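Enquirer: Dropping a structure here in structure tokens format, bear with me for questions.
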Amino acid sequence: MDTQHKITENLPLYSFDPHTAILSSQGALSIFSYGDQVIKFRTPECLERYEHIVNWDNGYITVLALYKGLGLTEEYIYLTPILNNLYIDPKSFLEPIKKVEIRYE
């Protein structure tokens, strides 16, 4: 398994909408959760938090992120290669997702 990507199964659901995924971050990890799947992947340590989803396009996320020293920056996250590295079929995983929300606990 790619050491930059990690998946943890059977964690509590963060969204009760069956078509909504959640994006957040914690330290140097971004966290994308959908259903009972939680995917964590490394991000720059200067990432403070995600602020706003600009666009969701079937696995391609455009998001405004707040970075230490850079301020608000548009960032692009492409989930397909991450899912492939985890042996998750991107098409079947991403197809039911209609929107992505940012949430922090």
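Scheme for the structure tokens: letters A, B, ... for chains in order shown; per-chain residue numbers from 1; ligand numbers from 1 in order shown.
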Residues at most 8 Å from Tyr50 in chain A, counting only C-alpha atoms, excluding those fewer than 6 positions away in the same chain, as a PyMOL selection string?
Expert: chain A and resi 23-25+63-66+102
Enquirer: So that I can check the secondary structure, give me every residue of range 14-94 of chain A assigned helix (DSSP H, G or I) by backbone DSSP, as a ChimeraX atom specification.
Expert: /A:79-85,90-94
Enquirer: Interatomic distance between CA of Gly69 in chain A and CA of Cys46 in chain A?
Expert: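 A separation of 7.8 Å between them.
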Enquirer: Under the rule that only C-alpha atoms are counted, which of A:Lys68, A:Leu79, A:Phe93, A:Trp56 is the nearest residue to Asp36 in chain A?
Expert: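 Counting only C-alpha atoms, the residue closest to Asp36 in chain A is A:Phe93.
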Enquirer: Which residues, written as a PyMOL selection string, have at least one atom at most 10 Å from Tyr60 in chain A, with only C-alpha atoms counted and residues fewer than 4 positions away on the same chain left out?
Expert: chain A and resi 55-56+76-80+94
Enquirer: Suppose we keep N, CA and C atoms; can you now write the selection as a PDB file, in the first residue's frame?
Expert:
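Final output, saved to again.pdb:
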ATOM      1  N   ASN A  55     -15.778  23.410  -6.354  1.00  0.00           N
ATOM      2  CA  ASN A  55     -16.383  22.526  -7.343  1.00  0.00           C
ATOM      3  C   ASN A  55     -16.092  21.067  -7.005  1.00  0.00           C
ATOM      4  N   TRP A  56     -17.071  20.219  -7.281  1.00  0.00           N
ATOM      5  CA  TRP A  56     -16.922  18.765  -7.184  1.00  0.00           C
ATOM      6  C   TRP A  56     -17.237  18.209  -8.564  1.00  0.00           C
ATOM      7  N   TYR A  76      -6.350  21.840  -5.671  1.00  0.00           N
ATOM      8  CA  TYR A  76      -7.008  20.817  -6.472  1.00  0.00           C
ATOM      9  C   TYR A  76      -6.665  19.445  -5.908  1.00  0.00           C
ATOM     10  N   ILE A  77      -7.682  18.645  -5.666  1.00  0.00           N
ATOM     11  CA  ILE A  77      -7.492  17.288  -5.145  1.00  0.00           C
ATOM     12  C   ILE A  77      -8.100  16.327  -6.152  1.00  0.00           C
ATOM     13  N   TYR A  78      -7.313  15.391  -6.613  1.00  0.00           N
ATOM     14  CA  TYR A  78      -7.781  14.384  -7.570  1.00  0.00           C
ATOM     15  C   TYR A  78      -7.788  13.041  -6.857  1.00  0.00           C
ATOM     16  N   LEU A  79      -8.965  12.534  -6.560  1.00  0.00           N
ATOM     17  CA  LEU A  79      -9.106  11.325  -5.758  1.00  0.00           C
ATOM     18  C   LEU A  79      -8.856  10.025  -6.511  1.00  0.00           C
ATOM     19  N   THR A  80      -8.987  10.008  -7.822  1.00  0.00           N
ATOM     20  CA  THR A  80      -8.859   8.761  -8.582  1.00  0.00           C
ATOM     21  C   THR A  80      -7.536   8.046  -8.340  1.00  0.00           C
ATOM     22  N   LEU A  94     -17.061   6.726  -6.448  1.00  0.00           N
ATOM     23  CA  LEU A  94     -17.358   8.144  -6.654  1.00  0.00           C
ATOM     24  C   LEU A  94     -18.731   8.414  -7.265  1.00  0.00           C
TER      25      LEU A  94
END
Enquirer: Which of range 6-92 of chain A counts as strand (DSSP E) under DSSP, as an MDAnalysis selection string please?
Expert: chainID A and resid 6:9 20:26 29:34 37:42 47:57 60:67 71:78
Enquirer: Rank nothing, just name the residue among A:Ile53, A:Ile88, A:Gly27, A:Ile22 nearest to Tyr67 in chain A, using only C-alpha atoms.
Expert: A:Gly27
Enquirer: Work out how far apart CA of Ser33 in chain A and CA of Tyr87 in chain A are and give it in Å to one decimal.
Expert: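 Atom-to-atom, CA of Ser33 in chain A and CA of Tyr87 in chain A are spaced 16.2 Å apart.
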Enquirer: Hey, can you check how far CA of Leu72 in chain A sits from CA of Glu105 in chain A?
Expert: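 According to the coordinates, CA of Leu72 in chain A and CA of Glu105 in chain A are separated by 20.8 Å.
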